[in-house]
Every structure is written in structure tokens, then in C-alpha cells.
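Undergrad: Just so it is clear, I am handing over model-v3.pdb, which has PDB, N, CA and C atoms.
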MODEL        1
ATOM      1  N   MET J   1     -10.991 -23.177 -19.408
ATOM      2  CA  MET J   1      -9.672 -22.671 -19.039
ATOM      3  C   MET J   1      -9.424 -23.004 -17.571
ATOM      4  N   ALA J   2      -8.387 -23.729 -17.308
ATOM      5  CA  ALA J   2      -8.019 -24.052 -15.941
ATOM      6  C   ALA J   2      -7.297 -22.871 -15.314
ATOM      7  N   GLY J   3      -7.459 -22.694 -14.002
ATOM      8  CA  GLY J   3      -6.848 -21.571 -13.303
ATOM      9  C   GLY J   3      -5.345 -21.509 -13.473
ATOM     10  N   LYS J   4      -4.690 -22.650 -13.424
ATOM     11  CA  LYS J   4      -3.229 -22.663 -13.535
ATOM     12  C   LYS J   4      -2.786 -22.216 -14.925
ATOM     13  N   ASP J   5      -3.559 -22.527 -15.941
ATOM     14  CA  ASP J   5      -3.206 -22.084 -17.291
ATOM     15  C   ASP J   5      -3.136 -20.564 -17.363
ATOM     16  N   LEU J   6      -4.040 -19.896 -16.671
ATOM     17  CA  LEU J   6      -4.055 -18.436 -16.671
ATOM     18  C   LEU J   6      -2.786 -17.882 -16.024
ATOM     19  N   GLU J   7      -2.404 -18.426 -14.882
ATOM     20  CA  GLU J   7      -1.187 -17.955 -14.214
ATOM     21  C   GLU J   7       0.043 -18.161 -15.092
ATOM     22  N   ILE J   8       0.103 -19.298 -15.771
ATOM     23  CA  ILE J   8       1.234 -19.579 -16.670
ATOM     24  C   ILE J   8       1.263 -18.567 -17.808
ATOM     25  N   ALA J   9       0.108 -18.291 -18.411
ATOM     26  CA  ALA J   9       0.033 -17.338 -19.524
ATOM     27  C   ALA J   9       0.425 -15.934 -19.072
ATOM     28  N   ILE J  10      -0.034 -15.531 -17.896
ATOM     29  CA  ILE J  10       0.350 -14.217 -17.364
ATOM     30  C   ILE J  10       1.858 -14.170 -17.160
ATOM     31  N   GLY J  11       2.399 -15.209 -16.570
ATOM     32  CA  GLY J  11       3.838 -15.251 -16.302
ATOM     33  C   GLY J  11       4.673 -15.207 -17.565
ATOM     34  N   GLU J  12       4.256 -15.948 -18.575
ATOM     35  CA  GLU J  12       4.989 -15.955 -19.844
ATOM     36  C   GLU J  12       4.963 -14.575 -20.498
ATOM     37  N   GLU J  13       3.799 -13.953 -20.500
ATOM     38  CA  GLU J  13       3.677 -12.628 -21.119
ATOM     39  C   GLU J  13       4.468 -11.589 -20.328
ATOM     40  N   LEU J  14       4.409 -11.676 -19.018
ATOM     41  CA  LEU J  14       5.160 -10.749 -18.171
ATOM     42  C   LEU J  14       6.658 -10.885 -18.415
ATOM     43  N   ALA J  15       7.151 -12.105 -18.438
ATOM     44  CA  ALA J  15       8.581 -12.332 -18.656
ATOM     45  C   ALA J  15       9.013 -11.834 -20.036
ATOM     46  N   LYS J  16       8.207 -12.097 -21.049
ATOM     47  CA  LYS J  16       8.538 -11.650 -22.402
ATOM     48  C   LYS J  16       8.615 -10.140 -22.462
ATOM     49  N   ARG J  17       7.607  -9.477 -21.947
ATOM     50  CA  ARG J  17       7.580  -8.009 -22.008
ATOM     51  C   ARG J  17       8.689  -7.396 -21.165
ATOM     52  N   ARG J  18       8.994  -8.006 -20.022
ATOM     53  CA  ARG J  18      10.083  -7.503 -19.177
ATOM     54  C   ARG J  18      11.421  -7.601 -19.905
ATOM     55  N   ARG J  19      11.673  -8.750 -20.520
ATOM     56  CA  ARG J  19      12.926  -8.921 -21.270
ATOM     57  C   ARG J  19      12.981  -7.966 -22.455
ATOM     58  N   ASP J  20      11.859  -7.836 -23.182
ATOM     59  CA  ASP J  20      11.812  -6.917 -24.326
ATOM     60  C   ASP J  20      12.086  -5.477 -23.906
ATOM     61  N   ALA J  21      11.688  -5.134 -22.681
ATOM     62  CA  ALA J  21      11.922  -3.787 -22.157
ATOM     63  C   ALA J  21      13.342  -3.625 -21.619
ATOM     64  N   GLY J  22      14.101  -4.726 -21.594
ATOM     65  CA  GLY J  22      15.471  -4.673 -21.104
ATOM     66  C   GLY J  22      15.565  -4.506 -19.599
ATOM     67  N   LEU J  23      14.570  -5.022 -18.884
ATOM     68  CA  LEU J  23      14.534  -4.880 -17.432
ATOM     69  C   LEU J  23      14.842  -6.206 -16.748
ATOM     70  N   SER J  24      15.546  -6.128 -15.654
ATOM     71  CA  SER J  24      15.717  -7.299 -14.799
ATOM     72  C   SER J  24      14.468  -7.431 -13.937
ATOM     73  N   GLN J  25      14.305  -8.579 -13.325
ATOM     74  CA  GLN J  25      13.184  -8.748 -12.403
ATOM     75  C   GLN J  25      13.278  -7.716 -11.284
ATOM     76  N   GLU J  26      14.486  -7.484 -10.822
ATOM     77  CA  GLU J  26      14.696  -6.528  -9.736
ATOM     78  C   GLU J  26      14.300  -5.114 -10.159
ATOM     79  N   ALA J  27      14.688  -4.709 -11.366
ATOM     80  CA  ALA J  27      14.345  -3.367 -11.849
ATOM     81  C   ALA J  27      12.836  -3.218 -12.020
ATOM     82  N   LEU J  28      12.186  -4.227 -12.575
ATOM     83  CA  LEU J  28      10.738  -4.168 -12.740
ATOM     84  C   LEU J  28      10.063  -4.068 -11.381
ATOM     85  N   ALA J  29      10.492  -4.894 -10.454
ATOM     86  CA  ALA J  29       9.912  -4.878  -9.109
ATOM     87  C   ALA J  29      10.084  -3.507  -8.463
ATOM     88  N   GLU J  30      11.262  -2.954  -8.587
ATOM     89  CA  GLU J  30      11.530  -1.636  -8.002
ATOM     90  C   GLU J  30      10.626  -0.573  -8.620
ATOM     91  N   ASN J  31      10.444  -0.627  -9.933
ATOM     92  CA  ASN J  31       9.586   0.335 -10.620
ATOM     93  C   ASN J  31       8.126   0.222 -10.175
ATOM     94  N   CYS J  32       7.727  -0.965  -9.731
ATOM     95  CA  CYS J  32       6.342  -1.203  -9.314
ATOM     96  C   CYS J  32       6.137  -1.082  -7.814
ATOM     97  N   GLY J  33       7.223  -1.059  -7.062
ATOM     98  CA  GLY J  33       7.104  -1.036  -5.611
ATOM     99  C   GLY J  33       6.710  -2.372  -5.015
ATOM    100  N   ILE J  34       7.119  -3.453  -5.711
ATOM    101  CA  ILE J  34       6.854  -4.797  -5.208
ATOM    102  C   ILE J  34       8.181  -5.529  -5.054
ATOM    103  N   HIS J  35       8.159  -6.687  -4.441
ATOM    104  CA  HIS J  35       9.396  -7.435  -4.191
ATOM    105  C   HIS J  35       9.810  -8.249  -5.412
ATOM    106  N   ARG J  36      11.103  -8.382  -5.622
ATOM    107  CA  ARG J  36      11.625  -9.117  -6.768
ATOM    108  C   ARG J  36      11.183 -10.571  -6.752
ATOM    109  N   THR J  37      11.116 -11.171  -5.590
ATOM    110  CA  THR J  37      10.699 -12.570  -5.547
ATOM    111  C   THR J  37       9.249 -12.730  -5.993
ATOM    112  N   TYR J  38       8.434 -11.707  -5.773
ATOM    113  CA  TYR J  38       7.044 -11.751  -6.230
ATOM    114  C   TYR J  38       6.995 -11.730  -7.755
ATOM    115  N   VAL J  39       7.839 -10.906  -8.382
ATOM    116  CA  VAL J  39       7.917 -10.885  -9.851
ATOM    117  C   VAL J  39       8.326 -12.272 -10.346
ATOM    118  N   SER J  40       9.298 -12.871  -9.690
ATOM    119  CA  SER J  40       9.737 -14.215 -10.064
ATOM    120  C   SER J  40       8.598 -15.220  -9.937
ATOM    121  N   GLN J  41       7.839 -15.139  -8.866
ATOM    122  CA  GLN J  41       6.712 -16.052  -8.665
ATOM    123  C   GLN J  41       5.634 -15.840  -9.726
ATOM    124  N   LEU J  42       5.389 -14.591 -10.083
ATOM    125  CA  LEU J  42       4.426 -14.297 -11.142
ATOM    126  C   LEU J  42       4.886 -14.903 -12.463
ATOM    127  N   GLU J  43       6.148 -14.693 -12.794
ATOM    128  CA  GLU J  43       6.673 -15.192 -14.071
ATOM    129  C   GLU J  43       6.662 -16.710 -14.150
ATOM    130  N   ARG J  44       6.787 -17.372 -13.023
ATOM    131  CA  ARG J  44       6.779 -18.836 -13.005
ATOM    132  C   ARG J  44       5.371 -19.408 -12.863
ATOM    133  N   GLY J  45       4.366 -18.533 -12.786
ATOM    134  CA  GLY J  45       2.994 -18.993 -12.676
ATOM    135  C   GLY J  45       2.618 -19.504 -11.303
ATOM    136  N   LEU J  46       3.407 -19.135 -10.300
ATOM    137  CA  LEU J  46       3.130 -19.588  -8.941
ATOM    138  C   LEU J  46       2.167 -18.676  -8.206
ATOM    139  N   LYS J  47       2.064 -17.445  -8.649
ATOM    140  CA  LYS J  47       1.169 -16.457  -8.044
ATOM    141  C   LYS J  47       0.337 -15.822  -9.145
ATOM    142  N   SER J  48      -0.788 -15.264  -8.727
ATOM    143  CA  SER J  48      -1.663 -14.552  -9.644
ATOM    144  C   SER J  48      -1.728 -13.100  -9.180
ATOM    145  N   PRO J  49      -1.480 -12.142 -10.071
ATOM    146  CA  PRO J  49      -1.457 -10.747  -9.626
ATOM    147  C   PRO J  49      -2.855 -10.212  -9.344
ATOM    148  N   THR J  50      -2.932  -9.302  -8.392
ATOM    149  CA  THR J  50      -4.189  -8.592  -8.185
ATOM    150  C   THR J  50      -4.365  -7.627  -9.354
ATOM    151  N   LEU J  51      -5.547  -7.089  -9.491
ATOM    152  CA  LEU J  51      -5.798  -6.107 -10.543
ATOM    153  C   LEU J  51      -4.898  -4.886 -10.353
ATOM    154  N   HIS J  52      -4.726  -4.477  -9.105
ATOM    155  CA  HIS J  52      -3.853  -3.343  -8.807
ATOM    156  C   HIS J  52      -2.425  -3.616  -9.275
ATOM    157  N   THR J  53      -1.912  -4.795  -8.964
ATOM    158  CA  THR J  53      -0.557  -5.161  -9.368
ATOM    159  C   THR J  53      -0.448  -5.250 -10.884
ATOM    160  N   LEU J  54      -1.467  -5.770 -11.534
ATOM    161  CA  LEU J  54      -1.468  -5.851 -12.994
ATOM    162  C   LEU J  54      -1.335  -4.456 -13.605
ATOM    163  N   PHE J  55      -2.033  -3.490 -13.051
ATOM    164  CA  PHE J  55      -1.934  -2.111 -13.541
ATOM    165  C   PHE J  55      -0.528  -1.547 -13.287
ATOM    166  N   LEU J  56       0.058  -1.829 -12.122
ATOM    167  CA  LEU J  56       1.415  -1.372 -11.829
ATOM    168  C   LEU J  56       2.420  -1.957 -12.814
ATOM    169  N   LEU J  57       2.299  -3.256 -13.069
ATOM    170  CA  LEU J  57       3.213  -3.929 -13.985
ATOM    171  C   LEU J  57       3.072  -3.365 -15.398
ATOM    172  N   ALA J  58       1.841  -3.216 -15.856
ATOM    173  CA  ALA J  58       1.605  -2.684 -17.200
ATOM    174  C   ALA J  58       2.200  -1.285 -17.327
ATOM    175  N   ASP J  59       2.001  -0.455 -16.327
ATOM    176  CA  ASP J  59       2.545   0.903 -16.356
ATOM    177  C   ASP J  59       4.068   0.869 -16.431
ATOM    178  N   ALA J  60       4.690   0.028 -15.629
ATOM    179  CA  ALA J  60       6.152  -0.073 -15.624
ATOM    180  C   ALA J  60       6.680  -0.604 -16.961
ATOM    181  N   LEU J  61       5.871  -1.415 -17.635
ATOM    182  CA  LEU J  61       6.265  -1.979 -18.931
ATOM    183  C   LEU J  61       5.818  -1.100 -20.099
ATOM    184  N   GLU J  62       5.212   0.037 -19.764
ATOM    185  CA  GLU J  62       4.763   1.018 -20.756
ATOM    186  C   GLU J  62       3.803   0.413 -21.770
ATOM    187  N   VAL J  63       2.831  -0.315 -21.231
ATOM    188  CA  VAL J  63       1.773  -0.921 -22.041
ATOM    189  C   VAL J  63       0.462  -0.725 -21.282
ATOM    190  N   SER J  64      -0.617  -0.614 -21.989
ATOM    191  CA  SER J  64      -1.899  -0.480 -21.287
ATOM    192  C   SER J  64      -2.281  -1.828 -20.679
ATOM    193  N   PRO J  65      -2.980  -1.802 -19.559
ATOM    194  CA  PRO J  65      -3.425  -3.067 -18.964
ATOM    195  C   PRO J  65      -4.264  -3.891 -19.944
ATOM    196  N   SER J  66      -5.103  -3.227 -20.736
ATOM    197  CA  SER J  66      -5.939  -3.971 -21.687
ATOM    198  C   SER J  66      -5.103  -4.651 -22.765
ATOM    199  N   THR J  67      -4.040  -4.004 -23.205
ATOM    200  CA  THR J  67      -3.146  -4.615 -24.191
ATOM    201  C   THR J  67      -2.464  -5.840 -23.589
ATOM    202  N   PHE J  68      -2.035  -5.718 -22.338
ATOM    203  CA  PHE J  68      -1.391  -6.843 -21.656
ATOM    204  C   PHE J  68      -2.372  -8.005 -21.529
ATOM    205  N   VAL J  69      -3.595  -7.718 -21.117
ATOM    206  CA  VAL J  69      -4.595  -8.781 -20.940
ATOM    207  C   VAL J  69      -4.928  -9.436 -22.276
ATOM    208  N   ARG J  70      -5.037  -8.654 -23.339
ATOM    209  CA  ARG J  70      -5.302  -9.236 -24.667
ATOM    210  C   ARG J  70      -4.171 -10.195 -25.068
ATOM    211  N   ALA J  71      -2.929  -9.818 -24.770
ATOM    212  CA  ALA J  71      -1.795 -10.679 -25.100
ATOM    213  C   ALA J  71      -1.860 -11.975 -24.277
ATOM    214  N   VAL J  72      -2.280 -11.876 -23.029
ATOM    215  CA  VAL J  72      -2.443 -13.073 -22.199
ATOM    216  C   VAL J  72      -3.550 -13.950 -22.779
ATOM    217  N   GLU J  73      -4.646 -13.340 -23.200
ATOM    218  CA  GLU J  73      -5.752 -14.098 -23.812
ATOM    219  C   GLU J  73      -5.283 -14.894 -25.022
ATOM    220  N   ARG J  74      -4.426 -14.303 -25.823
ATOM    221  CA  ARG J  74      -3.919 -15.004 -27.002
ATOM    222  C   ARG J  74      -3.069 -16.211 -26.636
ATOM    223  N   ARG J  75      -2.488 -16.207 -25.465
ATOM    224  CA  ARG J  75      -1.666 -17.339 -25.010
ATOM    225  C   ARG J  75      -2.517 -18.509 -24.505
ATOM    226  N   LEU J  76      -3.765 -18.243 -24.192
ATOM    227  CA  LEU J  76      -4.623 -19.293 -23.617
ATOM    228  C   LEU J  76      -5.208 -20.198 -24.684
TER     229      LEU J  76
ENDMDL
END
Turn this file's structure into C-alpha cells for me.
TA:
Amino acid sequence: MAGKDLEIAIGEELAKRRRDAGLSQEALAENCGIHRTYVSQLERGLKSPTLHTLFLLADALEVSPSTFVRAVERRL
């Protein structure tokens, strides 16, 4: 597994779950206490979230971090 593939898979799963939750990037970012441009960078696979940020995102999306990670694994 190449490192960039992981970032892409995280971004795709994040974008899907955010849209399914009916949230804009700005709303998700606000719920997590992070900047909207960072959410955009995550979704485009340009950045990799820290474990702390992953937990914040999962909480805001009302999913367990382990469920989110399993979904990312399936994308790889």
C-alpha cells in the first residue's frame, strides 16, 4: 500500500460520509474545531489526519473511529 493511496481512501470516505450526513465542509470543520480548508485538503488526499483529528471527524460524523477506519480499509 502506497502512502498516497491511504490519503486518497481517507479523503473519499470522509467526503462520502460528510455528504451522507448532509454537512458542508464548513459545517463539518466547525463541528470539529478545525479549518474548512483542512477538511478540503483531507478530502482531496493532500493531507493525512492525525489520530486526534480522525477521532474528531468520526465523532462529528456520528460513526466510531474503528468503523471509519474499516471503511477506509475496504477502499484500499
Undergrad: If we count all atoms listed in the file and set the cut-off at 8 Å, which residues sit around range 32-38 of chain J, ignoring sequence neighbours fewer than 2 positions away in its own chain? Please answer as a ChimeraX atom specification.
TA: /J:24-30,40-44,47,53,55-57,59-60
Undergrad: For the interface of range 44-76 of chain J with range 6-9 of chain J (cut-off 8 Å, counting all atoms listed in the file), please tabulate each contacting residue of range 44-76 of chain J alongside its nearest pair of atoms and their separation in Å to one decimal, rows sorted by chain and increasing number, as a tab-separated table.
TA:
residue	atom	partner	partner_atom	distance
J:Arg44	C	J:Ile8	CA	5.6
J:Gly45	CA	J:Glu7	C	3.9
J:Leu46	N	J:Glu7	C	5.9
J:Lys47	C	J:Glu7	CA	5.7
J:Ser48	CA	J:Glu7	CA	5.7
J:Pro49	N	J:Glu7	CA	7.1
J:Ala71	C	J:Ala9	C	6.9
J:Val72	CA	J:Ala9	C	5.1
J:Glu73	N	J:Ala9	C	7.0
J:Arg74	C	J:Ala9	CA	7.8
J:Arg75	C	J:Ala9	CA	5.7
J:Leu76	N	J:Ala9	CA	6.1
Undergrad: One number please: CA of Arg17 in chain J to atom C of Leu61 in chain J, in Å, one decimal.
TA: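 Taking CA of Arg17 in chain J as the start and atom C of Leu61 in chain J as the end point, the length is 7.4 Å.
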Undergrad: Take CA of Leu51 in chain J and atom N of Leu23 in chain J and report the distance between them in Å, one decimal.
TA: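 Spanning CA of Leu51 in chain J to atom N of Leu23 in chain J is a straight-line distance of 22.0 Å.
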Undergrad: Just asking: which residues within chain J are helix (DSSP H, G or I) according to DSSP, as a VMD selection string?
TA: chain J and resid 3 to 20 25 to 32 36 to 43 51 to 60 65 to 75
Undergrad: For atom C of Val69 in chain J and atom N of Ala15 in chain J, quote the distance in Å rounded to one decimal.
TA: 13.0 Å
Undergrad: Which one of J:Arg18, J:Arg70, J:Asp5, J:Ser64 sits closest to Val39 in chain J if you count only C-alpha atoms?
TA: J:Arg18
